[in-house]
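*Asks:* What follows is the file structure-v5.txt, containing compact mmCIF, C-alpha atoms:
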```
# COMPACT_ATOMS: atom_id res chain seq x y z
CA MET V 9 -141.75 -100.11 -67.24
CA LYS V 10 -144.51 -99.97 -69.82
CA VAL V 11 -146.91 -101.54 -67.37
CA GLU V 12 -145.93 -98.98 -64.74
CA LYS V 13 -146.60 -96.18 -67.15
CA THR V 14 -149.96 -97.66 -68.04
CA LEU V 15 -150.73 -98.14 -64.38
CA SER V 16 -149.94 -94.53 -63.66
CA LEU V 17 -152.14 -93.43 -66.54
CA LEU V 18 -154.89 -95.74 -65.35
CA VAL V 19 -154.93 -94.35 -61.86
CA ALA V 20 -154.53 -90.77 -63.00
CA ALA V 21 -157.40 -91.23 -65.43
CA ALA V 22 -159.59 -92.73 -62.73
CA LEU V 23 -158.97 -89.81 -60.49
CA LEU V 24 -159.22 -87.33 -63.31
CA PHE V 25 -162.64 -88.56 -64.25
CA GLY V 26 -163.46 -88.50 -60.59
CA ALA V 27 -162.89 -84.76 -60.63
CA PRO V 28 -165.57 -82.57 -59.17
CA SER V 29 -169.04 -82.73 -60.53
CA PHE V 30 -169.75 -80.04 -57.97
CA ALA V 31 -167.55 -77.90 -55.83
CA ALA V 32 -166.82 -80.04 -52.82
CA ALA V 33 -165.49 -79.24 -49.41
CA GLY V 34 -165.74 -80.30 -45.81
CA THR V 35 -168.60 -77.94 -45.38
CA ALA V 36 -171.83 -78.57 -47.19
CA VAL V 37 -171.99 -75.29 -49.05
CA PRO V 38 -168.46 -73.89 -49.19
CA GLU V 39 -169.15 -71.10 -51.66
CA GLN V 40 -171.99 -69.66 -49.61
CA ILE V 41 -170.23 -69.77 -46.27
CA TYR V 42 -169.33 -66.56 -44.49
CA ASP V 43 -166.13 -67.10 -42.54
CA PRO V 44 -165.79 -64.65 -39.66
CA GLY V 45 -162.34 -66.02 -38.83
CA PRO V 46 -161.33 -67.20 -35.37
CA LEU V 47 -163.72 -66.04 -32.66
CA LYS V 48 -163.47 -65.75 -28.91
CA PRO V 49 -163.83 -69.40 -27.87
CA VAL V 50 -166.60 -68.85 -25.30
CA ASP V 51 -168.45 -65.60 -24.72
CA SER V 52 -171.21 -66.32 -22.22
CA ARG V 53 -171.74 -67.66 -18.75
CA LEU V 54 -173.82 -70.77 -18.11
CA LYS V 55 -177.05 -70.25 -16.17
CA VAL V 56 -177.71 -73.96 -15.67
CA ALA V 57 -175.72 -76.89 -14.33
CA VAL V 58 -175.82 -80.64 -14.57
CA GLY V 59 -178.60 -81.86 -12.25
CA ASP V 60 -180.81 -78.81 -12.80
CA PRO V 61 -184.25 -79.08 -14.38
CA ALA V 62 -183.89 -78.00 -18.00
CA PRO V 63 -185.46 -74.62 -18.75
CA ASP V 64 -188.46 -75.30 -20.96
CA PHE V 65 -188.90 -73.71 -24.36
CA THR V 66 -191.28 -73.77 -27.27
CA LEU V 67 -189.73 -72.85 -30.60
CA PRO V 68 -190.87 -72.90 -34.22
CA SER V 69 -189.27 -75.50 -36.46
CA ILE V 70 -188.43 -75.18 -40.13
CA SER V 71 -190.74 -78.10 -40.87
CA GLY V 72 -193.73 -76.26 -39.41
CA PRO V 73 -194.80 -77.43 -35.98
CA ARG V 74 -193.61 -75.70 -32.83
CA VAL V 75 -191.53 -77.92 -30.59
CA THR V 76 -191.73 -77.89 -26.80
CA LEU V 77 -188.91 -79.48 -24.84
CA SER V 78 -191.11 -80.72 -22.00
CA ASP V 79 -193.25 -82.70 -24.47
CA TYR V 80 -190.45 -85.27 -24.54
CA ARG V 81 -190.56 -85.93 -20.80
CA GLN V 82 -190.99 -89.63 -19.99
CA LYS V 83 -190.52 -90.33 -23.69
CA LYS V 84 -187.02 -89.50 -24.95
CA ASN V 85 -183.64 -88.26 -23.89
CA VAL V 86 -183.05 -85.02 -25.74
CA VAL V 87 -179.72 -83.87 -27.15
CA ILE V 88 -179.88 -80.13 -27.80
CA SER V 89 -177.31 -78.86 -30.25
CA PHE V 90 -176.97 -75.08 -30.11
CA VAL V 91 -174.97 -73.71 -33.03
CA PRO V 92 -173.83 -70.09 -33.41
CA ALA V 93 -175.26 -69.12 -36.77
CA ALA V 94 -176.37 -70.38 -40.17
CA TRP V 95 -174.00 -70.07 -43.11
CA THR V 96 -170.85 -70.18 -40.99
CA PRO V 97 -167.99 -72.69 -41.31
CA VAL V 98 -168.10 -75.16 -38.43
CA CYS V 99 -171.89 -75.17 -38.11
CA SER V 100 -172.26 -76.07 -41.77
CA ASP V 101 -170.39 -79.33 -41.33
CA GLN V 102 -171.59 -80.19 -37.84
CA TRP V 103 -175.26 -80.87 -38.47
CA PRO V 104 -174.76 -82.71 -41.79
CA GLY V 105 -172.41 -85.00 -39.90
CA TYR V 106 -175.25 -85.94 -37.58
CA ASN V 107 -177.10 -87.27 -40.62
CA ILE V 108 -175.16 -90.52 -40.33
CA THR V 109 -175.60 -90.79 -36.56
CA GLN V 110 -179.35 -91.26 -36.32
CA ASP V 111 -178.90 -94.94 -35.39
CA LEU V 112 -176.53 -94.01 -32.56
CA PHE V 113 -179.13 -91.66 -31.08
CA GLN V 114 -182.05 -94.04 -31.61
CA ALA V 115 -180.17 -96.91 -29.98
CA ARG V 116 -179.90 -94.74 -26.87
CA ASP V 117 -183.54 -93.67 -26.94
CA ALA V 118 -182.50 -90.12 -27.73
CA LEU V 119 -183.47 -87.52 -30.25
CA LEU V 120 -181.63 -84.48 -31.43
CA LEU V 121 -182.90 -80.90 -31.55
CA GLY V 122 -180.84 -78.38 -33.51
CA ILE V 123 -181.23 -74.77 -32.39
CA SER V 124 -179.88 -71.59 -33.92
CA VAL V 125 -180.80 -67.94 -33.33
CA ASP V 126 -181.46 -67.44 -37.06
CA ASN V 127 -184.95 -66.83 -38.35
CA ILE V 128 -187.01 -69.53 -40.07
CA PRO V 129 -186.44 -68.39 -43.69
CA THR V 130 -182.69 -68.26 -43.15
CA LEU V 131 -182.64 -71.67 -41.49
CA HIS V 132 -184.86 -73.10 -44.20
CA ALA V 133 -182.50 -71.92 -46.95
CA TRP V 134 -179.41 -73.10 -45.08
CA VAL V 135 -180.78 -76.57 -44.38
CA GLN V 136 -182.01 -76.92 -47.95
CA GLU V 137 -178.51 -76.14 -49.15
CA MET V 138 -176.90 -78.60 -46.70
CA GLY V 139 -179.30 -81.36 -47.64
CA ARG V 140 -182.00 -83.02 -45.60
CA LEU V 141 -181.52 -83.36 -41.87
CA TRP V 142 -183.33 -86.06 -39.93
CA PHE V 143 -183.79 -84.01 -36.76
CA PRO V 144 -185.93 -80.92 -36.05
CA VAL V 145 -184.20 -77.59 -36.66
CA LEU V 146 -185.59 -74.89 -34.38
CA SER V 147 -185.41 -71.12 -34.62
CA ASP V 148 -184.57 -69.17 -31.46
CA PHE V 149 -184.86 -65.92 -33.36
CA TRP V 150 -187.63 -64.15 -31.46
CA PRO V 151 -187.55 -63.11 -28.69
CA HIS V 152 -184.00 -63.14 -29.90
CA GLY V 153 -181.96 -65.97 -28.39
CA ALA V 154 -184.37 -66.35 -25.47
CA ALA V 155 -183.97 -70.12 -25.21
CA ALA V 156 -180.18 -69.92 -25.53
CA ASP V 157 -180.14 -67.19 -22.90
CA ARG V 158 -182.10 -69.29 -20.41
CA PHE V 159 -179.34 -71.88 -20.63
CA GLY V 160 -176.66 -69.17 -20.54
CA VAL V 161 -175.28 -69.89 -24.00
CA LEU V 162 -176.16 -66.61 -25.73
CA ARG V 163 -173.05 -64.71 -26.75
CA SER V 164 -172.67 -60.95 -26.48
CA ASP V 165 -173.02 -60.55 -30.26
CA GLY V 166 -176.42 -62.26 -30.31
CA THR V 167 -175.23 -65.61 -31.65
CA ALA V 168 -175.34 -68.79 -29.62
CA GLU V 169 -172.43 -70.80 -28.32
CA ARG V 170 -171.56 -74.10 -29.90
CA ALA V 171 -173.05 -76.15 -27.10
CA ILE V 172 -174.47 -79.58 -26.44
CA VAL V 173 -176.98 -80.02 -23.62
CA ILE V 174 -178.45 -83.43 -22.86
CA VAL V 175 -181.75 -83.61 -21.01
CA ASP V 176 -182.95 -86.95 -19.70
CA LYS V 177 -186.50 -88.29 -19.71
CA GLN V 178 -187.14 -86.69 -16.33
CA GLY V 179 -186.35 -83.29 -17.79
CA VAL V 180 -183.07 -83.04 -15.89
CA ILE V 181 -179.89 -81.75 -17.47
CA ARG V 182 -177.36 -84.59 -17.51
CA TYR V 183 -174.60 -83.18 -19.69
CA ILE V 184 -173.39 -79.76 -20.79
CA GLN V 185 -170.57 -79.06 -23.17
CA VAL V 186 -169.90 -75.52 -24.29
CA SER V 187 -167.26 -76.01 -26.94
CA ASP V 188 -164.75 -73.58 -28.29
CA ILE V 189 -166.96 -71.93 -30.92
CA ASN V 190 -164.28 -72.55 -33.54
CA VAL V 191 -164.20 -76.32 -32.98
CA ARG V 192 -166.74 -79.05 -33.61
CA PRO V 193 -167.63 -81.15 -30.55
CA LYS V 194 -166.49 -84.76 -30.71
CA LEU V 195 -169.25 -87.23 -31.44
CA GLU V 196 -168.01 -89.79 -28.94
CA GLU V 197 -168.43 -87.39 -26.04
CA ILE V 198 -172.14 -87.08 -26.81
CA ILE V 199 -172.52 -90.82 -27.20
CA ARG V 200 -170.64 -91.55 -23.98
CA ALA V 201 -172.89 -89.11 -22.12
CA LEU V 202 -175.97 -90.89 -23.47
CA ASP V 203 -174.45 -94.23 -22.46
CA ARG V 204 -173.99 -92.96 -18.91
CA ILE V 205 -177.66 -91.95 -18.80
CA ALA V 206 -178.64 -95.40 -20.05
CA ALA V 207 -176.41 -97.04 -17.44
CA ASP V 208 -178.04 -94.98 -14.66
CA SER V 209 -181.56 -95.74 -15.81
CA PRO V 210 -183.48 -98.37 -13.86
CA MET T 30 -123.87 -80.32 -21.83
CA ASN T 31 -123.81 -84.10 -22.14
CA ARG T 32 -124.65 -85.91 -25.37
CA HIS T 33 -128.22 -86.86 -24.38
CA ALA T 34 -129.01 -83.33 -23.35
CA LEU T 35 -127.65 -82.04 -26.65
CA ILE T 36 -129.77 -84.49 -28.64
CA PHE T 37 -132.85 -83.53 -26.59
CA PHE T 38 -132.15 -79.85 -27.16
CA LEU T 39 -131.72 -80.37 -30.92
CA ALA T 40 -134.88 -82.44 -31.07
CA LEU T 41 -136.80 -79.65 -29.36
CA LEU T 42 -135.34 -77.16 -31.78
CA LEU T 43 -136.18 -79.19 -34.86
CA ALA T 44 -139.56 -80.56 -33.76
CA PRO T 45 -141.62 -77.67 -35.14
CA LEU T 46 -140.16 -78.26 -38.62
CA GLY T 47 -141.87 -81.63 -38.79
CA LEU T 48 -145.20 -80.09 -37.81
CA GLN T 49 -145.04 -77.19 -40.20
CA GLY T 50 -148.18 -76.79 -42.27
CA ALA T 51 -148.12 -76.51 -46.05
CA GLN T 52 -149.37 -73.37 -47.75
CA SER T 53 -151.01 -75.21 -50.65
CA PRO T 54 -152.32 -78.68 -51.55
CA PRO T 55 -149.75 -81.27 -52.66
CA MET T 56 -148.53 -80.36 -56.13
CA VAL T 57 -148.12 -82.86 -58.96
CA GLY T 58 -144.48 -83.74 -59.41
CA GLU T 59 -143.55 -82.70 -55.89
CA PRO T 60 -142.46 -85.07 -53.12
CA PHE T 61 -145.34 -86.10 -50.88
CA PRO T 62 -145.09 -84.53 -47.40
CA ASP T 63 -143.50 -86.73 -44.77
CA ILE T 64 -146.63 -87.72 -42.89
CA ARG T 65 -146.76 -90.63 -40.46
CA LEU T 66 -149.57 -93.13 -40.10
CA ALA T 67 -150.47 -95.40 -37.23
CA ILE T 68 -150.33 -99.09 -38.06
CA PRO T 69 -153.93 -100.34 -38.32
CA GLU T 70 -155.20 -102.70 -35.63
CA ASN T 71 -157.21 -104.65 -38.17
CA PRO T 72 -154.99 -107.57 -39.31
CA ASP T 73 -156.53 -107.56 -42.80
CA HIS T 74 -155.62 -103.91 -43.20
CA ARG T 75 -152.11 -104.56 -41.91
CA ALA T 76 -151.70 -107.34 -44.45
CA TYR T 77 -153.19 -105.21 -47.22
CA LEU T 78 -150.70 -102.42 -46.57
CA GLY T 79 -147.82 -104.78 -45.79
CA LEU T 80 -147.28 -103.21 -42.38
CA SER T 81 -146.23 -104.87 -39.18
CA GLY T 82 -144.78 -103.94 -35.83
CA GLU T 83 -145.45 -100.67 -34.12
CA GLY T 84 -146.34 -97.33 -35.70
CA PRO T 85 -146.36 -94.62 -36.67
CA VAL T 86 -144.77 -95.30 -40.02
CA PRO T 87 -143.96 -93.13 -43.03
CA LEU T 88 -146.02 -93.49 -46.16
CA ARG T 89 -143.17 -95.17 -48.01
CA ALA T 90 -143.47 -98.16 -45.63
CA ILE T 91 -146.72 -99.12 -47.36
CA ASP T 92 -146.31 -101.98 -49.79
CA ALA T 93 -147.55 -100.27 -52.96
CA GLU T 94 -146.24 -98.78 -56.13
CA VAL T 95 -149.15 -96.42 -56.33
CA LEU T 96 -150.99 -95.19 -53.26
CA LEU T 97 -154.34 -93.46 -53.60
CA ILE T 98 -155.33 -91.32 -50.65
CA GLU T 99 -158.82 -90.03 -50.02
CA ILE T 100 -158.87 -87.09 -47.63
CA PHE T 101 -162.32 -87.16 -46.08
CA ASN T 102 -164.28 -86.00 -43.07
CA MET T 103 -167.09 -87.91 -41.40
CA TYR T 104 -169.11 -84.69 -41.20
CA CYS T 105 -168.68 -83.78 -44.86
CA PRO T 106 -171.89 -84.55 -46.80
CA HIS T 107 -169.98 -84.88 -50.06
CA CYS T 108 -167.74 -87.50 -48.47
CA GLN T 109 -170.85 -89.30 -47.19
CA ARG T 110 -172.48 -89.24 -50.61
CA GLU T 111 -169.32 -90.38 -52.35
CA ALA T 112 -168.42 -93.20 -49.98
CA PRO T 113 -170.26 -96.00 -51.87
CA ALA T 114 -168.63 -94.92 -55.14
CA VAL T 115 -165.18 -94.96 -53.57
CA ASN T 116 -165.92 -98.43 -52.18
CA ARG T 117 -166.81 -99.62 -55.66
CA PHE T 118 -163.64 -98.10 -57.00
CA PHE T 119 -161.68 -100.05 -54.41
CA GLN T 120 -163.46 -103.29 -55.32
CA ARG T 121 -162.63 -102.79 -58.97
CA ILE T 122 -158.96 -102.40 -58.15
CA GLN T 123 -159.07 -105.46 -55.91
CA GLN T 124 -160.69 -107.57 -58.58
CA ASP T 125 -158.07 -106.66 -61.15
CA PRO T 126 -155.04 -108.94 -60.75
CA ALA T 127 -152.91 -106.52 -62.74
CA LEU T 128 -153.59 -103.78 -60.20
CA ASN T 129 -154.47 -105.19 -56.81
CA ARG T 130 -150.94 -105.79 -55.57
CA ARG T 131 -149.57 -102.55 -56.91
CA VAL T 132 -152.31 -100.01 -56.24
CA LYS T 133 -153.50 -99.45 -52.67
CA LEU T 134 -156.17 -97.14 -51.34
CA ILE T 135 -156.39 -95.49 -47.94
CA GLY T 136 -158.55 -92.77 -46.39
CA ILE T 137 -157.55 -90.12 -43.88
CA GLY T 138 -160.33 -88.60 -41.79
CA VAL T 139 -159.21 -85.04 -41.13
CA GLY T 140 -160.43 -83.53 -37.90
CA ASN T 141 -162.02 -86.87 -37.05
CA SER T 142 -161.39 -88.85 -33.90
CA PRO T 143 -160.85 -92.63 -34.09
CA PHE T 144 -164.50 -93.02 -32.97
CA GLU T 145 -165.75 -90.79 -35.78
CA VAL T 146 -163.62 -92.52 -38.42
CA ASP T 147 -164.81 -95.89 -37.16
CA HIS T 148 -168.42 -94.75 -37.32
CA PHE T 149 -167.94 -93.60 -40.92
CA ARG T 150 -166.38 -96.98 -41.72
CA LYS T 151 -169.30 -98.87 -40.17
CA VAL T 152 -172.01 -96.77 -41.80
CA TYR T 153 -170.55 -97.12 -45.30
CA GLN T 154 -168.88 -100.51 -44.74
CA VAL T 155 -165.62 -99.08 -46.03
CA PRO T 156 -163.37 -102.04 -46.85
CA PHE T 157 -160.05 -100.21 -47.13
CA PRO T 158 -158.00 -98.76 -44.26
CA LEU T 159 -159.06 -95.43 -42.78
CA PHE T 160 -156.85 -93.36 -40.53
CA PRO T 161 -157.95 -90.64 -38.09
CA ASP T 162 -156.29 -87.23 -38.06
CA PRO T 163 -157.99 -85.80 -34.96
CA ASP T 164 -155.79 -82.76 -34.47
CA TYR T 165 -155.49 -81.88 -38.18
CA GLN T 166 -151.73 -82.50 -38.24
CA ILE T 167 -151.86 -84.39 -41.54
CA HIS T 168 -154.45 -81.97 -42.87
CA LYS T 169 -152.10 -79.06 -42.19
CA ALA T 170 -149.20 -80.89 -43.87
CA LEU T 171 -151.42 -81.31 -46.93
CA GLY T 172 -152.26 -77.62 -47.20
CA GLU T 173 -155.64 -77.93 -45.44
CA VAL T 174 -157.35 -79.24 -48.55
CA ARG T 175 -161.14 -79.30 -48.76
CA THR T 176 -162.83 -82.68 -48.70
CA PRO T 177 -163.16 -85.10 -50.33
CA TYR T 178 -159.74 -84.70 -51.84
CA PHE T 179 -157.82 -87.31 -53.81
CA ILE T 180 -154.08 -87.62 -53.97
CA GLY T 181 -152.15 -90.15 -56.02
CA VAL T 182 -148.65 -90.93 -54.84
CA ARG T 183 -146.03 -92.99 -56.67
CA ILE T 184 -143.77 -94.80 -54.22
CA ARG T 185 -140.38 -95.75 -55.69
CA LYS T 186 -138.31 -98.68 -54.52
CA ASN T 187 -135.83 -96.26 -52.99
CA GLY T 188 -138.63 -94.93 -50.79
CA ALA T 189 -139.18 -91.68 -52.67
CA ALA T 190 -142.88 -90.76 -52.69
CA ARG T 191 -143.95 -88.32 -55.37
CA VAL T 192 -147.37 -86.85 -56.08
CA PHE T 193 -148.75 -87.64 -59.53
CA TYR T 194 -152.33 -86.57 -58.91
CA SER T 195 -153.90 -84.00 -56.60
CA GLN T 196 -157.54 -83.09 -57.06
CA LEU T 197 -160.62 -82.02 -55.17
CA GLY T 198 -163.13 -84.85 -55.46
CA GLY T 199 -166.81 -85.05 -56.02
CA SER T 200 -167.69 -87.85 -58.41
CA GLN T 201 -170.73 -89.93 -57.62
CA SER T 202 -170.21 -92.80 -60.04
CA ALA T 203 -166.86 -94.51 -59.62
CA GLN T 204 -168.12 -97.46 -61.67
CA LYS T 205 -168.79 -95.29 -64.68
CA LEU T 206 -165.56 -93.41 -64.16
CA LEU T 207 -163.55 -96.60 -63.93
CA ASP T 208 -165.06 -97.88 -67.17
CA GLN T 209 -164.25 -94.56 -68.79
CA MET T 210 -160.77 -94.72 -67.30
CA LEU T 211 -160.16 -98.20 -68.66
CA GLN T 212 -161.32 -97.11 -72.08
CA ASN T 213 -159.08 -94.08 -72.05
CA ALA T 214 -156.13 -96.14 -70.86
CA GLY T 215 -156.73 -98.67 -73.63
CA LEU T 216 -157.17 -101.50 -71.14
CA ASP T 217 -159.87 -104.07 -70.60
CA ALA T 218 -161.38 -104.87 -67.23
CA LYS T 219 -158.51 -107.19 -66.33
CA GLY T 220 -155.91 -104.55 -66.86
CA ALA T 221 -154.54 -106.12 -70.02
CA ALA T 222 -153.77 -103.98 -73.02
CA LYS T 223 -156.27 -104.36 -75.82
```
Output the file's structure as structure tokens, nothing else.

*Replies:*
Amino acid sequence: MKVEKTLSLLVAAALLFGAPSFAAAGTAVPEQIYDPGPLKPVDSRLKVAVGDPAPDFTLPSISGPRVTLSDYRQKKNVVISFVPAAWTPVCSDQWPGYNITQDLFQARDALLLGISVDNIPTLHAWVQEMGRLWFPVLSDFWPHGAAADRFGVLRSDGTAERAIVIVDKQGVIRYIQVSDINVRPKLEEIIRALDRIAADSP
Amino acid sequence: MNRHALIFFLALLLAPLGLQGAQSPPMVGEPFPDIRLAIPENPDHRAYLGLSGEGPVPLRAIDAEVLLIEIFNMYCPHCQREAPAVNRFFQRIQQDPALNRRVKLIGIGVGNSPFEVDHFRKVYQVPFPLFPDPDYQIHKALGEVRTPYFIGVRIRKNGAARVFYSQLGGSQSAQKLLDQMLQNAGLDAKGAAK
């Protein structure tokens, strides 16, 4: 009985001293997050389809250089992750999650581009707060949402859908997933899509 | 109405009760919610938890006096940062003969698919069993706690499972914490009273 009591104390103490050294949550920056509540799952109509050439874009990145999609032709498969807005709940734990998936993308000769319609200062602050991200974060702020709109993933309120578009090395769209904006897309669906591209490659 | 139809009807009627979400995190002193876990495929994990046969099983089926549960999420950067410390914490328990048969540790990946949980396990080489909760059913039963979240559950021989610890996590040095814990508990590294 005494041992049980000690054991209980031991475990409780371990957990007690493991108590927060910072406010933790599923999202990277819970206190700063603006939660708009449940939103209309999808609020746009796609303008592209699998098999279409991907609309090209050149967007500024938070790290400085402008990024052009077509520059990756013949070099890399590109996974484009559109997210609705900085400082919102699901987005703030989607991209940090990709921080531990770099090897999965690299093994499939793919890179990731994160795109939001927020401006560069906002994206800079948001990413700083989330921690470092290994992939380029691009601003589709001006002309507002123009890149998202060319894919047909710009919502009526000016935010983007939560969407994944995969473009192969020929610049052809091979996968489109417009998720329910309130739900994070499953990682395995992206990886399976990349595997299918690899299987189809000569 | 025949007997089978009646049972089916009652089951339909009562089913939502089992899925009801909690309004708050598990409270110390309260019974732990009746969640069910799939039996791990990994034979080492089955042996560790003392589980066999087919799942899902209630928590009380786990062979432990004290069960520590980490509620995590593959996408949560705090959970990522903390993973090595939690691993070390597990190793310390395993290396202590006074604790390793009585205290068990599991993780539940809320909102994570089996693929995502497995990826988290591979990246951080997590040695203890991790369970996916892809549709947030367990998460809802636990009051939709933020992550990482730690829950300590005492499992009695009669199967009663009661919460003795419930806390939002965030520590980055389990080693240091364990040493501090041992000191505070008046125990040395082998779990023996000083």

*Asks:* Which distance in Å separates CA of Pro73 in chain V and CA of Leu121 in chain V, to one decimal?

*Replies:* 13.2 Å

*Asks:* Would you compute the distance between CA of Pro158 in chain T and CA of Met103 in chain T? Give it in Å to one decimal.

*Replies:* 14.4 Å

*Asks:* Skipping near chain neighbours, those fewer than 2 positions away, what residues fall within 10 Å of Pro113 in chain T using only C-alpha atoms, listed as a list of chain:residue names?

*Replies:*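 Here the answer would be T:Cys108, T:Gln109, T:Arg110, T:Glu111, T:Val115, T:Asn116, T:Arg117, T:Phe118, T:Phe119, T:Tyr153, T:Gln154, T:Val155, T:Gln201, T:Ser202, T:Ala203.
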
*Asks:* Write out, as a short mmCIF file (atom, residue, chain, number, x, y, z; two decimals), in the frame of the given file, the residues just selected, with C-alpha atoms.

*Replies:*
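What landed in selection-v4.cif:
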```
data_model
loop_
_atom_site.label_atom_id
_atom_site.label_comp_id
_atom_site.auth_asym_id
_atom_site.auth_seq_id
_atom_site.Cartn_x
_atom_site.Cartn_y
_atom_site.Cartn_z
CA CYS T 108 -167.74 -87.50 -48.47
CA GLN T 109 -170.85 -89.30 -47.19
CA ARG T 110 -172.48 -89.24 -50.61
CA GLU T 111 -169.32 -90.38 -52.35
CA VAL T 115 -165.18 -94.96 -53.57
CA ASN T 116 -165.92 -98.43 -52.18
CA ARG T 117 -166.81 -99.62 -55.66
CA PHE T 118 -163.64 -98.10 -57.00
CA PHE T 119 -161.68 -100.05 -54.41
CA TYR T 153 -170.55 -97.12 -45.30
CA GLN T 154 -168.88 -100.51 -44.74
CA VAL T 155 -165.62 -99.08 -46.03
CA GLN T 201 -170.73 -89.93 -57.62
CA SER T 202 -170.21 -92.80 -60.04
CA ALA T 203 -166.86 -94.51 -59.62
#
```

*Asks:* Give as a list in words every residue, naming chains and numbers as the document does, that has an atom within 7 Å of (-186.6, -76.2, -34.4), counting only C-alpha atoms.

*Replies:*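 Residues lying no farther than 7 Å from the given point: Leu67, Pro68, Ser69, Ile70, Val75, Leu121, Gly122, Ile123, Pro144, Val145, Leu146 and Ser147 of chain V.
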
*Asks:* Give, as AutoDock Vina command-line options, the centre coordinates and the x, y and z edge lengths in Å to one decimal for an axis-aligned box around all listed atoms of range 138-144 of chain V, padded by 5 Å on each side.

*Replies:*
```
--center_x -181.4 --center_y -82.3 --center_z -41.8 --size_x 19.0 --size_y 17.5 --size_z 21.6
```

*Asks:* Could you name the residues that touch Arg200 in chain V at 12 Å or less, counting only C-alpha atoms, but leaving out those on the same chain fewer than 5 positions away, as a VMD selection string?

*Replies:* (chain V and resid 112 to 113 116 174 182 to 183 194 to 195 205 to 207) or (chain T and resid 144)

*Asks:* Could you pull the residues within 8 Å of Gly84 in chain T, counting all atoms listed in the file, minus those fewer than 6 positions along the same chain, as a PyMOL selection string?

*Replies:* chain T and resi 66-68

*Asks:* Using all atoms listed in the file, can you tell me which of T:Cys105, T:Val57, T:Ala190, T:Ala93 comes closest to chain V?

*Replies:*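 Looking at the shortest contact to chain V, the residue is T:Cys105.
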
*Asks:* If we draw a sphere of 9 Å around (-170.4, -81.5, -27.9), which residues have at least one atom in it when counting all atoms listed in the file? Please report them as a tab-separated table (two decimals) with C-alpha atoms, in the coordinates of the input.

*Replies:*
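Wrote it out as point.tsv, contents follow:
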```
chain	number	residue	atom	x	y	z
V	89	SER	CA	-177.31	-78.86	-30.25
V	170	ARG	CA	-171.56	-74.10	-29.90
V	171	ALA	CA	-173.05	-76.15	-27.10
V	172	ILE	CA	-174.47	-79.58	-26.44
V	173	VAL	CA	-176.98	-80.02	-23.62
V	184	ILE	CA	-173.39	-79.76	-20.79
V	185	GLN	CA	-170.57	-79.06	-23.17
V	186	VAL	CA	-169.90	-75.52	-24.29
V	187	SER	CA	-167.26	-76.01	-26.94
V	192	ARG	CA	-166.74	-79.05	-33.61
V	193	PRO	CA	-167.63	-81.15	-30.55
V	194	LYS	CA	-166.49	-84.76	-30.71
V	195	LEU	CA	-169.25	-87.23	-31.44
V	196	GLU	CA	-168.01	-89.79	-28.94
V	197	GLU	CA	-168.43	-87.39	-26.04
V	198	ILE	CA	-172.14	-87.08	-26.81
```

*Asks:* Using all atoms listed in the file, which protein or nucleic acid residues come within 10 Å of Ser209 in chain V? Drop anything in the same chain fewer than 4 positions from it, and give the result as a tab-separated table (two decimals) with C-alpha atoms, keeping the file's coordinate frame.

*Replies:*
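Here's the written file selection.tsv:
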```
chain	number	residue	atom	x	y	z
V	176	ASP	CA	-182.95	-86.95	-19.70
V	177	LYS	CA	-186.50	-88.29	-19.71
V	203	ASP	CA	-174.45	-94.23	-22.46
V	204	ARG	CA	-173.99	-92.96	-18.91
V	205	ILE	CA	-177.66	-91.95	-18.80
```

*Asks:* When distances are computed from all atoms listed in the file, which of T:Ile100, T:Ile135, T:Ala189, T:Leu159 shows the smallest separation from chain V?

*Replies:*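 Among T:Ile100, T:Ile135, T:Ala189, T:Leu159, it is T:Ile100 that comes nearest to chain V.
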
*Asks:* Render range 150-163 of chain T from the structure in the preceding block as a file of C-alpha atoms, as a PDB file, in the first residue's frame.

*Replies:*
```pdb
ATOM      1  CA  ARG T 150       6.307   7.361 -34.258  1.00  0.00           C
ATOM      2  CA  LYS T 151       8.950   6.875 -36.965  1.00  0.00           C
ATOM      3  CA  VAL T 152      10.232  10.448 -36.887  1.00  0.00           C
ATOM      4  CA  TYR T 153      10.687  10.489 -33.104  1.00  0.00           C
ATOM      5  CA  GLN T 154      11.314   6.736 -32.696  1.00  0.00           C
ATOM      6  CA  VAL T 155       8.607   6.603 -30.055  1.00  0.00           C
ATOM      7  CA  PRO T 156       9.073   3.325 -28.178  1.00  0.00           C
ATOM      8  CA  PHE T 157       5.714   3.180 -26.393  1.00  0.00           C
ATOM      9  CA  PRO T 158       2.330   2.407 -27.982  1.00  0.00           C
ATOM     10  CA  LEU T 159       0.552   5.171 -29.883  1.00  0.00           C
ATOM     11  CA  PHE T 160      -3.088   5.016 -30.866  1.00  0.00           C
ATOM     12  CA  PRO T 161      -4.822   7.018 -33.605  1.00  0.00           C
ATOM     13  CA  ASP T 162      -8.047   8.889 -32.943  1.00  0.00           C
ATOM     14  CA  PRO T 163      -8.832   9.961 -36.515  1.00  0.00           C
TER      15      PRO T 163
END
```
